[in-house]
file coords20.cif (mmCIF, C-alpha atoms)
data_target
#
loop_
_atom_site.group_PDB
_atom_site.id
_atom_site.type_symbol
_atom_site.label_atom_id
_atom_site.label_comp_id
_atom_site.auth_asym_id
_atom_site.auth_seq_id
_atom_site.Cartn_x
_atom_site.Cartn_y
_atom_site.Cartn_z
ATOM 1 C CA MET A 2 51.476 258.466 -83.972
ATOM 2 C CA LEU A 3 49.003 255.619 -84.580
ATOM 3 C CA PHE A 4 49.178 252.560 -82.336
ATOM 4 C CA LEU A 5 47.579 249.684 -84.233
ATOM 5 C CA THR A 6 45.986 246.349 -83.515
ATOM 6 C CA THR A 7 46.951 243.235 -85.451
ATOM 7 C CA ASP A 8 43.897 243.690 -87.673
ATOM 8 C CA GLY A 9 44.868 247.267 -88.564
ATOM 9 C CA LEU A 10 42.539 249.191 -86.266
ATOM 10 C CA VAL A 11 43.768 252.200 -84.294
ATOM 11 C CA LYS A 12 43.836 251.331 -80.592
ATOM 12 C CA SER A 13 45.293 254.720 -79.610
ATOM 13 C CA ALA A 14 46.875 257.774 -81.216
ATOM 14 C CA GLN A 15 49.085 260.722 -80.310
ATOM 15 C CA LYS A 16 48.993 263.925 -82.327
ATOM 16 C CA ILE A 17 52.124 266.118 -82.438
ATOM 17 C CA SER A 18 51.454 269.772 -83.206
ATOM 18 C CA ASN A 19 51.429 273.171 -81.546
ATOM 19 C CA SER A 20 48.678 271.950 -79.227
ATOM 20 C CA TYR A 21 49.550 268.300 -78.647
ATOM 21 C CA GLY A 22 52.467 265.990 -77.960
ATOM 22 C CA ASN A 23 54.906 268.340 -76.134
ATOM 23 C CA LEU A 24 56.620 269.715 -79.235
ATOM 24 C CA PRO A 25 59.126 272.261 -77.838
ATOM 25 C CA TYR A 26 59.002 274.529 -80.903
ATOM 26 C CA THR A 27 56.194 276.707 -82.236
ATOM 27 C CA LEU A 28 55.015 275.877 -85.742
ATOM 28 C CA ASP A 29 53.993 278.820 -87.926
ATOM 29 C CA THR A 30 51.168 279.061 -90.450
ATOM 30 C CA LEU A 31 51.998 277.100 -93.625
ATOM 31 C CA ASP A 32 55.150 275.441 -92.222
ATOM 32 C CA TYR A 33 53.808 272.108 -93.563
ATOM 33 C CA PHE A 34 55.191 270.170 -90.595
ATOM 34 C CA GLY A 35 54.854 266.448 -91.339
ATOM 35 C CA TYR A 36 55.349 266.637 -95.106
ATOM 36 C CA GLY A 37 58.247 264.152 -95.032
ATOM 37 C CA ALA A 38 58.799 261.655 -92.200
ATOM 38 C CA THR A 39 61.149 258.768 -91.427
ATOM 39 C CA CYS A 40 61.983 256.482 -88.521
ATOM 40 C CA LEU A 41 65.557 257.043 -87.325
ATOM 41 C CA GLY A 42 65.658 254.074 -85.005
ATOM 42 C CA ASP A 43 66.871 254.706 -81.449
ATOM 43 C CA GLN A 44 68.957 257.833 -82.103
ATOM 44 C CA ASP A 45 69.594 258.739 -78.440
ATOM 45 C CA GLY A 46 70.022 255.225 -77.037
ATOM 46 C CA ASP A 47 67.044 255.209 -74.663
ATOM 47 C CA GLY A 48 65.458 252.101 -76.161
ATOM 48 C CA VAL A 49 62.667 253.979 -77.994
ATOM 49 C CA ALA A 50 62.539 254.670 -81.731
ATOM 50 C CA ASP A 51 62.881 258.320 -82.796
ATOM 51 C CA VAL A 52 61.748 260.091 -85.956
ATOM 52 C CA ALA A 53 62.687 262.897 -88.344
ATOM 53 C CA ILE A 54 59.944 265.148 -89.714
ATOM 54 C CA GLY A 55 60.095 267.664 -92.565
ATOM 55 C CA ALA A 56 58.583 271.159 -92.530
ATOM 56 C CA LEU A 57 59.274 272.253 -96.079
ATOM 57 C CA LEU A 58 57.772 275.763 -95.924
ATOM 58 C CA ASP A 59 59.395 276.854 -92.663
ATOM 59 C CA ASP A 60 60.670 280.424 -92.982
ATOM 60 C CA ASP A 61 63.765 280.429 -90.742
ATOM 61 C CA GLY A 62 66.148 282.864 -92.442
ATOM 62 C CA GLY A 63 63.963 283.328 -95.535
ATOM 63 C CA THR A 64 60.691 282.401 -97.180
ATOM 64 C CA SER A 65 60.167 278.626 -97.494
ATOM 65 C CA THR A 66 63.776 277.747 -96.696
ATOM 66 C CA GLY A 67 62.397 274.699 -94.897
ATOM 67 C CA ALA A 68 63.458 272.654 -91.901
ATOM 68 C CA ALA A 69 63.705 269.164 -90.475
ATOM 69 C CA TYR A 70 62.950 268.131 -86.906
ATOM 70 C CA VAL A 71 64.488 265.225 -85.001
ATOM 71 C CA LEU A 72 61.894 264.107 -82.441
ATOM 72 C CA PHE A 73 62.955 261.977 -79.482
ATOM 73 C CA LEU A 74 59.888 260.006 -78.438
ATOM 74 C CA THR A 75 58.440 258.208 -75.452
ATOM 75 C CA THR A 76 56.700 254.851 -75.770
ATOM 76 C CA ASP A 77 53.308 256.600 -75.826
ATOM 77 C CA GLY A 78 54.291 258.846 -78.741
ATOM 78 C CA LEU A 79 54.955 262.040 -76.829
ATOM 79 C CA VAL A 80 57.982 264.192 -77.622
ATOM 80 C CA LYS A 81 60.437 264.090 -74.730
ATOM 81 C CA SER A 82 62.822 266.427 -76.591
ATOM 82 C CA ALA A 83 63.433 267.666 -80.125
ATOM 83 C CA GLN A 84 66.082 269.264 -82.302
ATOM 84 C CA LYS A 85 65.120 271.499 -85.190
ATOM 85 C CA ILE A 86 67.527 271.717 -88.141
ATOM 86 C CA SER A 87 67.197 274.897 -90.201
ATOM 87 C CA ASN A 88 68.985 278.158 -90.891
ATOM 88 C CA SER A 89 68.475 279.077 -87.226
ATOM 89 C CA TYR A 90 68.906 275.756 -85.396
ATOM 90 C CA GLY A 91 70.892 272.550 -85.301
ATOM 91 C CA ASN A 92 74.401 273.671 -86.335
ATOM 92 C CA LEU A 93 73.688 273.301 -90.051
ATOM 93 C CA PRO A 94 77.010 274.242 -91.731
ATOM 94 C CA LEU A 95 75.421 275.748 -94.847
ATOM 95 C CA THR A 96 72.755 278.316 -95.645
ATOM 96 C CA LEU A 97 69.394 277.245 -97.007
ATOM 97 C CA ALA A 98 68.151 279.505 -99.799
ATOM 98 C CA VAL A 99 64.746 281.081 -100.219
ATOM 99 C CA ASN A 100 62.360 278.400 -101.582
ATOM 100 C CA HIS A 101 64.906 275.683 -100.776
ATOM 101 C CA ARG A 102 62.017 273.669 -99.254
ATOM 102 C CA THR A 103 64.190 271.560 -97.000
ATOM 103 C CA GLY A 104 62.157 268.643 -95.679
ATOM 104 C CA TYR A 105 60.316 267.822 -98.916
ATOM 105 C CA ASP A 106 61.277 264.292 -97.903
ATOM 106 C CA THR A 107 63.430 262.792 -95.144
ATOM 107 C CA GLU A 108 65.096 259.378 -94.974
ATOM 108 C CA ALA A 109 67.207 257.627 -92.342
ATOM 109 C CA ILE A 110 70.363 256.329 -94.027
ATOM 110 C CA GLY A 111 71.993 254.421 -91.185
ATOM 111 C CA ASP A 112 75.457 255.197 -89.886
ATOM 112 C CA LEU A 113 76.995 256.376 -93.142
ATOM 113 C CA ASP A 114 80.248 257.748 -91.702
ATOM 114 C CA GLY A 115 80.872 254.939 -89.203
ATOM 115 C CA ASP A 116 80.820 257.038 -86.021
ATOM 116 C CA GLY A 117 78.157 254.897 -84.348
ATOM 117 C CA VAL A 118 75.330 257.422 -84.847
ATOM 118 C CA GLY A 119 72.584 257.324 -87.477
ATOM 119 C CA ASP A 120 72.596 259.928 -90.251
ATOM 120 C CA LEU A 121 69.852 261.561 -92.306
ATOM 121 C CA ALA A 122 69.140 262.388 -95.952
ATOM 122 C CA VAL A 123 66.843 265.358 -96.546
ATOM 123 C CA GLY A 124 65.246 266.195 -99.873
ATOM 124 C CA CYS A 125 65.026 269.855 -100.882
ATOM 125 C CA GLY A 126 62.497 269.561 -103.667
ATOM 126 C CA VAL A 127 62.757 273.036 -105.162
ATOM 127 C CA TRP A 128 66.079 274.612 -104.104
ATOM 128 C CA GLY A 129 65.771 278.183 -105.212
ATOM 129 C CA SER A 130 63.258 279.472 -107.732
ATOM 130 C CA ASN A 131 64.076 277.027 -110.533
ATOM 131 C CA GLY A 132 62.935 273.682 -109.112
ATOM 132 C CA ARG A 133 66.133 271.763 -109.804
ATOM 133 C CA GLY A 134 66.187 270.238 -106.332
ATOM 134 C CA GLN A 135 68.884 269.013 -103.982
ATOM 135 C CA ILE A 136 69.591 266.341 -101.360
ATOM 136 C CA LEU A 137 71.406 267.088 -98.119
ATOM 137 C CA ILE A 138 73.316 264.319 -96.344
ATOM 138 C CA LEU A 139 73.317 265.325 -92.673
ATOM 139 C CA PHE A 140 75.757 263.648 -90.289
ATOM 140 C CA LEU A 141 74.139 263.751 -86.852
ATOM 141 C CA THR A 142 74.967 263.488 -83.170
ATOM 142 C CA THR A 143 72.880 261.472 -80.713
ATOM 143 C CA ASP A 144 71.032 264.674 -79.758
ATOM 144 C CA GLY A 145 70.146 265.527 -83.375
ATOM 145 C CA LEU A 146 72.701 268.238 -84.064
ATOM 146 C CA VAL A 147 74.501 268.338 -87.423
ATOM 147 C CA THR A 148 78.250 267.684 -87.275
ATOM 148 C CA SER A 149 78.758 268.064 -91.055
ATOM 149 C CA ALA A 150 76.726 268.045 -94.261
ATOM 150 C CA GLN A 151 77.143 267.175 -97.938
ATOM 151 C CA ARG A 152 75.058 268.717 -100.726
ATOM 152 C CA ILE A 153 74.135 266.595 -103.731
ATOM 153 C CA ASP A 154 72.772 268.411 -106.779
ATOM 154 C CA ARG A 155 73.973 269.394 -110.243
ATOM 155 C CA SER A 156 76.817 271.476 -108.756
ATOM 156 C CA TYR A 157 77.843 269.514 -105.632
ATOM 157 C CA GLY A 158 78.456 265.964 -104.537
ATOM 158 C CA ASN A 159 79.563 264.425 -107.861
ATOM 159 C CA PHE A 160 76.081 263.596 -109.174
ATOM 160 C CA PRO A 161 76.867 262.601 -112.785
ATOM 161 C CA TYR A 162 73.576 263.489 -114.508
ATOM 162 C CA PHE A 163 72.468 266.955 -115.559
ATOM 163 C CA VAL A 164 69.679 268.247 -113.315
ATOM 164 C CA ALA A 165 67.444 270.608 -115.284
ATOM 165 C CA ASN A 166 65.067 273.274 -114.026
ATOM 166 C CA TRP A 167 61.958 271.727 -112.450
ATOM 167 C CA ASP A 168 63.365 268.205 -112.308
ATOM 168 C CA ILE A 169 62.641 268.354 -108.536
ATOM 169 C CA PHE A 170 65.631 266.159 -107.681
ATOM 170 C CA GLY A 171 65.106 264.952 -104.100
ATOM 171 C CA GLY A 172 61.322 265.011 -104.269
ATOM 172 C CA SER A 173 61.579 261.536 -102.746
ATOM 173 C CA VAL A 174 64.564 259.872 -101.051
ATOM 174 C CA THR A 175 64.891 256.166 -100.192
ATOM 175 C CA ASN A 176 67.602 254.201 -98.381
ATOM 176 C CA LEU A 177 68.530 251.202 -100.545
ATOM 177 C CA GLY A 178 70.909 249.639 -98.066
ATOM 178 C CA ASP A 179 74.245 248.503 -99.474
ATOM 179 C CA LEU A 180 73.176 247.753 -103.042
ATOM 180 C CA ASP A 181 76.654 247.342 -104.549
ATOM 181 C CA GLY A 182 78.253 245.505 -101.624
ATOM 182 C CA ASP A 183 80.951 248.051 -100.770
ATOM 183 C CA GLY A 184 79.900 248.405 -97.123
ATOM 184 C CA VAL A 185 78.200 251.803 -97.579
ATOM 185 C CA ASN A 186 74.449 252.406 -97.850
ATOM 186 C CA ASP A 187 73.136 253.759 -101.149
ATOM 187 C CA LEU A 188 70.178 256.007 -102.029
ATOM 188 C CA LEU A 189 67.356 256.245 -104.528
ATOM 189 C CA ALA A 190 66.371 259.825 -105.432
ATOM 190 C CA GLY A 191 63.142 260.808 -107.140
ATOM 191 C CA MET A 192 63.173 263.358 -109.964
ATOM 192 C CA HIS A 193 59.482 263.458 -110.784
ATOM 193 C CA GLY A 194 59.709 266.563 -112.986
ATOM 194 C CA ASP A 195 62.334 265.036 -115.310
ATOM 195 C CA ASP A 196 61.617 265.273 -119.061
ATOM 196 C CA ASP A 197 63.620 262.346 -120.493
ATOM 197 C CA GLY A 198 62.236 261.013 -123.744
ATOM 198 C CA SER A 199 60.794 264.391 -124.731
ATOM 199 C CA ALA A 200 57.882 263.763 -122.383
ATOM 200 C CA THR A 201 57.476 266.763 -120.080
ATOM 201 C CA GLY A 202 57.270 265.673 -116.459
ATOM 202 C CA SER A 203 57.516 261.966 -117.270
ATOM 203 C CA GLY A 204 59.769 261.615 -114.249
ATOM 204 C CA ALA A 205 62.747 259.539 -113.200
ATOM 205 C CA VAL A 206 64.558 258.004 -110.255
ATOM 206 C CA ALA A 207 68.309 257.811 -109.737
ATOM 207 C CA VAL A 208 70.219 255.107 -107.873
ATOM 208 C CA MET A 209 73.153 256.811 -106.151
ATOM 209 C CA PHE A 210 76.101 254.801 -104.860
ATOM 210 C CA LEU A 211 77.582 256.768 -101.956
ATOM 211 C CA THR A 212 80.873 257.134 -100.154
ATOM 212 C CA THR A 213 81.150 257.414 -96.367
ATOM 213 C CA ASP A 214 81.377 261.215 -96.641
ATOM 214 C CA GLY A 215 78.139 261.467 -98.615
ATOM 215 C CA LEU A 216 79.582 261.960 -102.091
ATOM 216 C CA VAL A 217 78.213 260.101 -105.113
ATOM 217 C CA LYS A 218 80.839 257.683 -106.423
ATOM 218 C CA SER A 219 78.538 256.617 -109.280
ATOM 219 C CA ALA A 220 74.862 256.711 -110.217
ATOM 220 C CA GLN A 221 72.314 255.062 -112.475
ATOM 221 C CA LYS A 222 69.287 256.999 -113.667
ATOM 222 C CA ILE A 223 66.051 255.135 -114.456
ATOM 223 C CA SER A 224 63.751 256.949 -116.891
ATOM 224 C CA ASN A 225 62.544 256.839 -120.486
ATOM 225 C CA SER A 226 66.171 257.237 -121.572
ATOM 226 C CA TYR A 227 68.185 255.336 -118.955
ATOM 227 C CA GLY A 228 68.297 252.212 -116.826
ATOM 228 C CA SER A 229 66.486 249.745 -119.128
ATOM 229 C CA LEU A 230 62.999 250.910 -118.081
ATOM 230 C CA SER A 231 62.051 251.494 -121.723
ATOM 231 C CA SER A 232 62.364 247.749 -122.375
ATOM 232 C CA PHE A 233 59.189 247.327 -120.347
ATOM 233 C CA TYR A 234 57.183 250.581 -120.248
ATOM 234 C CA THR A 235 57.149 254.089 -121.698
ATOM 235 C CA LEU A 236 56.412 256.986 -119.348
ATOM 236 C CA GLY A 237 54.013 259.634 -120.595
ATOM 237 C CA SER A 238 54.023 263.385 -120.068
ATOM 238 C CA SER A 239 53.117 264.381 -116.494
ATOM 239 C CA ASP A 240 53.359 260.794 -115.193
ATOM 240 C CA TYR A 241 55.746 262.080 -112.493
ATOM 241 C CA LEU A 242 57.679 258.862 -111.837
ATOM 242 C CA GLY A 243 59.601 259.306 -108.594
ATOM 243 C CA ARG A 244 56.958 261.369 -106.781
ATOM 244 C CA SER A 245 57.318 258.707 -104.094
ATOM 245 C CA SER A 246 59.618 255.743 -103.559
ATOM 246 C CA SER A 247 60.323 252.987 -101.071
ATOM 247 C CA THR A 248 62.297 249.770 -100.803
ATOM 248 C CA LEU A 249 60.430 246.453 -100.962
ATOM 249 C CA GLY A 250 63.206 244.201 -99.730
ATOM 250 C CA ASP A 251 64.274 241.389 -102.033
ATOM 251 C CA LEU A 252 60.878 240.764 -103.616
ATOM 252 C CA ASP A 253 62.013 238.288 -106.285
ATOM 253 C CA GLY A 254 64.562 236.433 -104.143
ATOM 254 C CA ASP A 255 67.641 237.168 -106.247
ATOM 255 C CA GLY A 256 69.613 238.660 -103.349
ATOM 256 C CA VAL A 257 69.179 242.281 -104.523
ATOM 257 C CA VAL A 258 66.801 244.841 -103.025
ATOM 258 C CA ASP A 259 63.844 245.973 -105.149
ATOM 259 C CA VAL A 260 61.890 249.245 -105.030
ATOM 260 C CA VAL A 261 58.514 250.786 -105.683
ATOM 261 C CA ALA A 262 58.241 254.212 -107.325
ATOM 262 C CA GLY A 263 55.043 256.207 -107.635
ATOM 263 C CA ALA A 264 53.844 257.847 -110.843
ATOM 264 C CA ALA A 265 50.919 259.808 -109.466
ATOM 265 C CA GLY A 266 50.084 261.577 -112.739
ATOM 266 C CA ASP A 267 49.739 258.445 -114.881
ATOM 267 C CA ASP A 268 46.593 258.450 -117.037
ATOM 268 C CA ASP A 269 45.822 254.722 -117.323
ATOM 269 C CA GLY A 270 42.035 254.504 -117.201
ATOM 270 C CA GLY A 271 41.568 258.139 -116.187
ATOM 271 C CA SER A 272 43.384 261.467 -116.123
ATOM 272 C CA ALA A 273 45.945 261.386 -113.273
ATOM 273 C CA ALA A 274 44.468 258.154 -111.915
ATOM 274 C CA GLY A 275 48.049 257.244 -111.009
ATOM 275 C CA ALA A 276 50.292 254.199 -110.967
ATOM 276 C CA VAL A 277 53.217 252.598 -109.174
ATOM 277 C CA TYR A 278 56.145 250.738 -110.695
ATOM 278 C CA ILE A 279 57.857 247.769 -109.064
ATOM 279 C CA LEU A 280 61.496 248.006 -110.142
ATOM 280 C CA PHE A 281 63.540 244.810 -109.872
ATOM 281 C CA LEU A 282 67.118 246.041 -109.633
ATOM 282 C CA THR A 283 70.592 244.746 -110.363
ATOM 283 C CA THR A 284 73.541 245.608 -108.125
ATOM 284 C CA ASP A 285 74.551 248.353 -110.563
ATOM 285 C CA GLY A 286 71.129 250.025 -110.407
ATOM 286 C CA LEU A 287 69.646 248.868 -113.703
ATOM 287 C CA THR A 288 66.119 247.464 -113.942
ATOM 288 C CA LYS A 289 66.252 243.796 -114.912
ATOM 289 C CA SER A 290 62.441 243.739 -114.992
ATOM 290 C CA THR A 291 59.541 246.032 -114.078
ATOM 291 C CA GLN A 292 55.883 245.622 -113.152
ATOM 292 C CA LYS A 293 53.471 248.527 -113.426
ATOM 293 C CA ILE A 294 50.373 248.581 -111.206
ATOM 294 C CA SER A 295 47.528 250.770 -112.438
ATOM 295 C CA ASN A 296 44.044 250.514 -113.902
ATOM 296 C CA SER A 297 45.563 248.749 -116.915
ATOM 297 C CA TYR A 298 48.387 246.661 -115.439
ATOM 298 C CA GLY A 299 49.336 244.504 -112.489
ATOM 299 C CA ASN A 300 45.963 242.896 -111.637
ATOM 300 C CA LEU A 301 44.634 245.823 -109.599
ATOM 301 C CA SER A 302 41.432 246.099 -111.642
ATOM 302 C CA PRO A 303 39.667 242.982 -110.246
ATOM 303 C CA PHE A 304 39.699 244.659 -106.847
ATOM 304 C CA TYR A 305 39.496 248.428 -107.376
ATOM 305 C CA THR A 306 39.124 250.986 -110.147
ATOM 306 C CA LEU A 307 41.109 254.203 -109.818
ATOM 307 C CA GLY A 308 39.268 257.398 -110.728
ATOM 308 C CA SER A 309 40.529 260.507 -112.462
ATOM 309 C CA SER A 310 42.707 262.645 -110.179
ATOM 310 C CA ASP A 311 43.086 259.828 -107.631
ATOM 311 C CA ASN A 312 46.886 260.305 -107.902
ATOM 312 C CA PHE A 313 47.585 256.707 -106.897
ATOM 313 C CA GLY A 314 51.314 256.531 -106.101
ATOM 314 C CA HIS A 315 51.571 260.014 -104.581
ATOM 315 C CA SER A 316 53.074 258.231 -101.566
ATOM 316 C CA SER A 317 54.368 254.686 -101.192
ATOM 317 C CA SER A 318 55.880 252.492 -98.499
ATOM 318 C CA THR A 319 56.649 248.871 -97.720
ATOM 319 C CA LEU A 320 54.651 246.911 -95.127
ATOM 320 C CA GLY A 321 56.769 243.783 -94.962
ATOM 321 C CA ASP A 322 54.889 240.468 -95.233
#

call {"tool": "encode", "arguments": {"input": "coords20.cif", "output": "structure tokens"}}
result
Amino acid sequence: MLFLTTDGLVKSAQKISNSYGNLPYTLDTLDYFGYGATCLGDQDGDGVADVAIGALLDDDGGTSTGAAYVLFLTTDGLVKSAQKISNSYGNLPLTLAVNHRTGYDTEAIGDLDGDGVGDLAVGCGVWGSNGRGQILILFLTTDGLVTSAQRIDRSYGNFPYFVANWDIFGGSVTNLGDLDGDGVNDLLAGMHGDDDGSATGSGAVAVMFLTTDGLVKSAQKISNSYGSLSSFYTLGSSDYLGRSSSTLGDLDGDGVVDVVAGAAGDDDGGSAAGAVYILFLTTDGLTKSTQKISNSYGNLSPFYTLGSSDNFGHSSSTLGD
């Protein structure tokens, strides 16, 4: 936890690990605790924001099944209590498979089911040995236990697009708010291994319009083949669009939320220098316009030059104004 000054300096910090911060669980070697993180808001009603943290290589019940932790914080960043969610903890009503990699990303999705308690989306970037990926919608209690869960992948949850091996569906997960105006929050899912357009690993993102029980009522994929992206840019092999994603708010002032999606393998100006795409969305999830930011686009070059293997766009987030 970094406590900042108004000019971006760190005035204090609190590390959370086996040795610091009062974490009431023991992390094992190669758990990768901290791989995905999100702010849940005040989950337990004590006036302090809480967080969810992924640990994608946790081995509860099998190798790399993964886990997520709900951490209830104090104002100085210490953990006052925590709830682990895995095969062994948290009342998870399903079994995570070997190499499921639960916690590849985590995202607070608000109170999806209307019970007054915030819920959580968790990306499972590999899900088995074939890399298809999966997203879990976890309906939580105020103490971080799971009351019910909904899987979304090529076999569950009504996702309407075929998810191929190594698409890594759920490699990033972003809360879009209520994009279509039906009163239910919607999600953006990264699929950075997607091969649309015969470009291996070009990547994709999918806008998913949800129901209150976590099912997908409809979806719009954005890739070389879908969502009008090709009107503006063509993704190359190993660009990995969707490796990260975040909302930007209504950047262009049209009343619809816009997003940023990372393409960390993009080769503009250098092998895997990286790029991000600003996607200006419609309420049905199409891109009405797009701006790429890289060595070659978006006016980055007057300020900085990305080098080969910089992987710009590997993570992304909004800062507000």

call {"tool": "atom_distance", "arguments": {"input": "coords20.cif", "atom1": "CA of Tyr241 (chain A)", "atom2": "CA of Ser156 (chain A)"}}
result
23.4 Å

call {"tool": "residues_around", "arguments": {"input": "coords20.cif", "residues": "Gly35 (chain A)", "least_positions_apart": "4", "cutoff": "9 Å", "atoms": "only C-alpha atoms", "output": "CSV table (one decimal) with C-alpha atoms, in the coordinates of the input"}}
result
chain,number,residue,atom,x,y,z
A,54,ILE,CA,59.9,265.1,-89.7
A,55,GLY,CA,60.1,267.7,-92.6
A,56,ALA,CA,58.6,271.2,-92.5
A,57,LEU,CA,59.3,272.3,-96.1
A,104,GLY,CA,62.2,268.6,-95.7

call {"tool": "resolve_selection", "arguments": {"input": "coords20.cif", "expression": "the PyMOL selection byres ((chain A and resi 238) around 12)", "output": "MDAnalysis selection string"}}
result
chainID A and resid 193:205 225 235:237 239:242 264:268 272:273

call {"tool": "write_last_selection", "arguments": {"input": "coords20.cif", "atoms": "C-alpha atoms", "output": "compact mmCIF listing (two decimals), keeping the file's coordinate frame"}}
result
# COMPACT_ATOMS: atom_id res chain seq x y z
CA HIS A 193 59.48 263.46 -110.78
CA GLY A 194 59.71 266.56 -112.99
CA ASP A 195 62.33 265.04 -115.31
CA ASP A 196 61.62 265.27 -119.06
CA ASP A 197 63.62 262.35 -120.49
CA GLY A 198 62.24 261.01 -123.74
CA SER A 199 60.79 264.39 -124.73
CA ALA A 200 57.88 263.76 -122.38
CA THR A 201 57.48 266.76 -120.08
CA GLY A 202 57.27 265.67 -116.46
CA SER A 203 57.52 261.97 -117.27
CA GLY A 204 59.77 261.62 -114.25
CA ALA A 205 62.75 259.54 -113.20
CA ASN A 225 62.54 256.84 -120.49
CA THR A 235 57.15 254.09 -121.70
CA LEU A 236 56.41 256.99 -119.35
CA GLY A 237 54.01 259.63 -120.60
CA SER A 239 53.12 264.38 -116.49
CA ASP A 240 53.36 260.79 -115.19
CA TYR A 241 55.75 262.08 -112.49
CA LEU A 242 57.68 258.86 -111.84
CA ALA A 264 53.84 257.85 -110.84
CA ALA A 265 50.92 259.81 -109.47
CA GLY A 266 50.08 261.58 -112.74
CA ASP A 267 49.74 258.44 -114.88
CA ASP A 268 46.59 258.45 -117.04
CA SER A 272 43.38 261.47 -116.12
CA ALA A 273 45.94 261.39 -113.27

call {"tool": "residues_near_point", "arguments": {"input": "coords20.cif", "point": "(86.9, 253.9, -94.5)", "cutoff": "9 Å", "atoms": "only C-alpha atoms", "output": "ChimeraX atom specification"}}
result
/A:114-115,212-213

call {"tool": "resolve_selection", "arguments": {"input": "coords20.cif", "expression": "the PyMOL selection byres ((chain A and resi 10-16) around 12)", "output": "PyMOL selection string"}}
result
chain A and resi 2-9+17-24+35+74-80

call {"tool": "resolve_selection", "arguments": {"input": "coords20.cif", "expression": "the PyMOL selection byres ((chain A and resi 58) around 10)", "output": "PyMOL selection string"}}
result
chain A and resi 29-34+36+55-57+59-61+63-68+99-105

call {"tool": "write_last_selection", "arguments": {"input": "coords20.cif", "atoms": "C-alpha atoms", "output": "compact mmCIF listing (two decimals), in the frame of the given file"}}
result
# COMPACT_ATOMS: atom_id res chain seq x y z
CA ASP A 29 53.99 278.82 -87.93
CA THR A 30 51.17 279.06 -90.45
CA LEU A 31 52.00 277.10 -93.62
CA ASP A 32 55.15 275.44 -92.22
CA TYR A 33 53.81 272.11 -93.56
CA PHE A 34 55.19 270.17 -90.60
CA TYR A 36 55.35 266.64 -95.11
CA GLY A 55 60.10 267.66 -92.56
CA ALA A 56 58.58 271.16 -92.53
CA LEU A 57 59.27 272.25 -96.08
CA ASP A 59 59.40 276.85 -92.66
CA ASP A 60 60.67 280.42 -92.98
CA ASP A 61 63.76 280.43 -90.74
CA GLY A 63 63.96 283.33 -95.54
CA THR A 64 60.69 282.40 -97.18
CA SER A 65 60.17 278.63 -97.49
CA THR A 66 63.78 277.75 -96.70
CA GLY A 67 62.40 274.70 -94.90
CA ALA A 68 63.46 272.65 -91.90
CA VAL A 99 64.75 281.08 -100.22
CA ASN A 100 62.36 278.40 -101.58
CA HIS A 101 64.91 275.68 -100.78
CA ARG A 102 62.02 273.67 -99.25
CA THR A 103 64.19 271.56 -97.00
CA GLY A 104 62.16 268.64 -95.68
CA TYR A 105 60.32 267.82 -98.92

call {"tool": "residues_around", "arguments": {"input": "coords20.cif", "residues": "Val164 (chain A)", "least_positions_apart": "2", "cutoff": "7 Å", "atoms": "all atoms listed in the file", "output": "list of chain:residue names"}}
result
A:Arg133, A:Arg155, A:Tyr162, A:Asn166, A:Asp168

call {"tool": "axis_aligned_box", "arguments": {"input": "coords20.cif", "around": "region 173-179 of chain A", "padding_each_side": "4 Å", "output": "lines of an AutoDock Vina configuration file"}}
result
center_x = 67.9
center_y = 255.0
center_z = -100.4
size_x = 20.7
size_y = 21.0
size_z = 12.7

call {"tool": "atom_distance", "arguments": {"input": "coords20.cif", "atom1": "CA of Asp47 (chain A)", "atom2": "CA of Asp106 (chain A)"}}
result
25.6 Å

call {"tool": "closest_residue", "arguments": {"input": "coords20.cif", "among": "A:Ala109, A:Ala69, A:Val127, A:Val118", "to": "Ser89 (chain A)", "atoms": "all atoms listed in the file"}}
result
A:Ala69

call {"tool": "closest_residue", "arguments": {"input": "coords20.cif", "among": "A:Val52, A:Ile279, A:Leu139, A:Leu211", "to": "Ile86 (chain A)", "atoms": "all atoms listed in the file"}}
result
A:Leu139

call {"tool": "residues_around", "arguments": {"input": "coords20.cif", "residues": "Gln151 (chain A)", "least_positions_apart": "3", "cutoff": "6 Å", "atoms": "all atoms listed in the file", "output": "list in words"}}
result
Leu137, Ile138 and Gly215 of chain A
